[in-house]
Structures are given as C-alpha cells and as structure tokens.
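A.B. asks: Right, I'll just put the structure down here and ask away after.
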Amino acid sequence: MSVKEEVIKRLIGNPRCPKCNSEITWLRNYQSGKMYYMFDPENSSIYEENEFQADSKVNYYNCPQCAEILFTDEEKALKFLRGDLSGR
Ligand SMILES: [Zn+2]
C-alpha cells in the first residue's frame, strides 16, 4: 500500500453498518448447500477433508457485530467493503 492510499484510507475510515454503526472490515457470508466430509472411524479425526457445494438458495452477507443482513449480492458486498457506498 502506498503512502497516498494509507492517507486516504485513514481519512475515509472503514464502512459502517447502517444498523449498529460499527466499523466493518469484513462480513459474514452464509451460503446454503451440501457439505461433504470424509467419515472414517479408523481415523483419529473422523470428520476430515470436507467439500462444500453451494446450491445458491441462500447467500447473504451480514454484519459481524449485530448480524443484520446487509447484502445478498457478492458484488455489492465487495463495493461496500471497498468504501464505494454508491454500490448499495
Ligand atoms: Zn451491525
């Protein structure tokens, strides 16, 4: 990150949650789908090496502080985190 970018970042600050007003640097993403595990009773850790296949029925991004659902669209969530509020 260059010096100029650091200054801009400090002046603008992080985006804030419209509900609880917390500064947000990341969002929780929930997706529905199927999770596969390797189930092996002979192994000491029987649930290992999982694979997730999203089914796109549920996909939302919420505030890590108050759990308010802020976005259901990855592009808008990215724009919000990058400080482009016009993307909401
Ligand atoms: Zn919040």
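Numbering starts fresh at 1 for the residues of each chain in the structure tokens, the chains themselves are lettered A, B, ... in the order given, and ligands are numbered from 1 as they appear.
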Quick one: residues within 12 Å of Ala67 (chain A), only C-alpha atoms counted, chain neighbours fewer than 5 positions away excluded, as number ranges by chain?
C.D. replies: A: 17-20, 22, 24, 27-30, 60-62
A.B. asks: Name all residues at most 12 Å from Asn50 (chain A) (count only C-alpha atoms; drop same-chain ones fewer than 5 positions away) and give them as a list in words.
C.D. replies: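 In the requested format, the answer is Lys34, Met35, Tyr36, Tyr37, Met38 and Phe39 of chain A.
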A.B. asks: To one decimal in Å, tell me the separation between CA of Glu68 (chain A) and CA of Glu51 (chain A).
C.D. replies: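 Straight-line distance from CA of Glu68 (chain A) to CA of Glu51 (chain A) works out to 27.4 Å.
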A.B. asks: If you run DSSP on the backbone here, which positions in region 9-69 of chain A get alpha helix (DSSP H)? Please write them as a PDB file with N, CA and C atoms, in the first residue's frame.
C.D. replies:
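Contents of selection.pdb, freshly written:
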```pdb
ATOM      1  N   LYS A   9      -7.221   6.097   3.139  1.00  0.00           N
ATOM      2  CA  LYS A   9      -7.888   5.087   3.957  1.00  0.00           C
ATOM      3  C   LYS A   9      -8.174   5.640   5.362  1.00  0.00           C
ATOM      4  N   ARG A  10      -7.188   6.375   5.925  1.00  0.00           N
ATOM      5  CA  ARG A  10      -7.348   6.901   7.273  1.00  0.00           C
ATOM      6  C   ARG A  10      -8.414   8.003   7.319  1.00  0.00           C
ATOM      7  N   LEU A  11      -8.466   8.816   6.277  1.00  0.00           N
ATOM      8  CA  LEU A  11      -9.440   9.912   6.241  1.00  0.00           C
ATOM      9  C   LEU A  11     -10.864   9.380   6.083  1.00  0.00           C
ATOM     10  N   ILE A  12     -11.008   8.416   5.199  1.00  0.00           N
ATOM     11  CA  ILE A  12     -12.351   7.895   4.927  1.00  0.00           C
ATOM     12  C   ILE A  12     -12.792   6.933   6.028  1.00  0.00           C
TER      13      ILE A  12
END
```
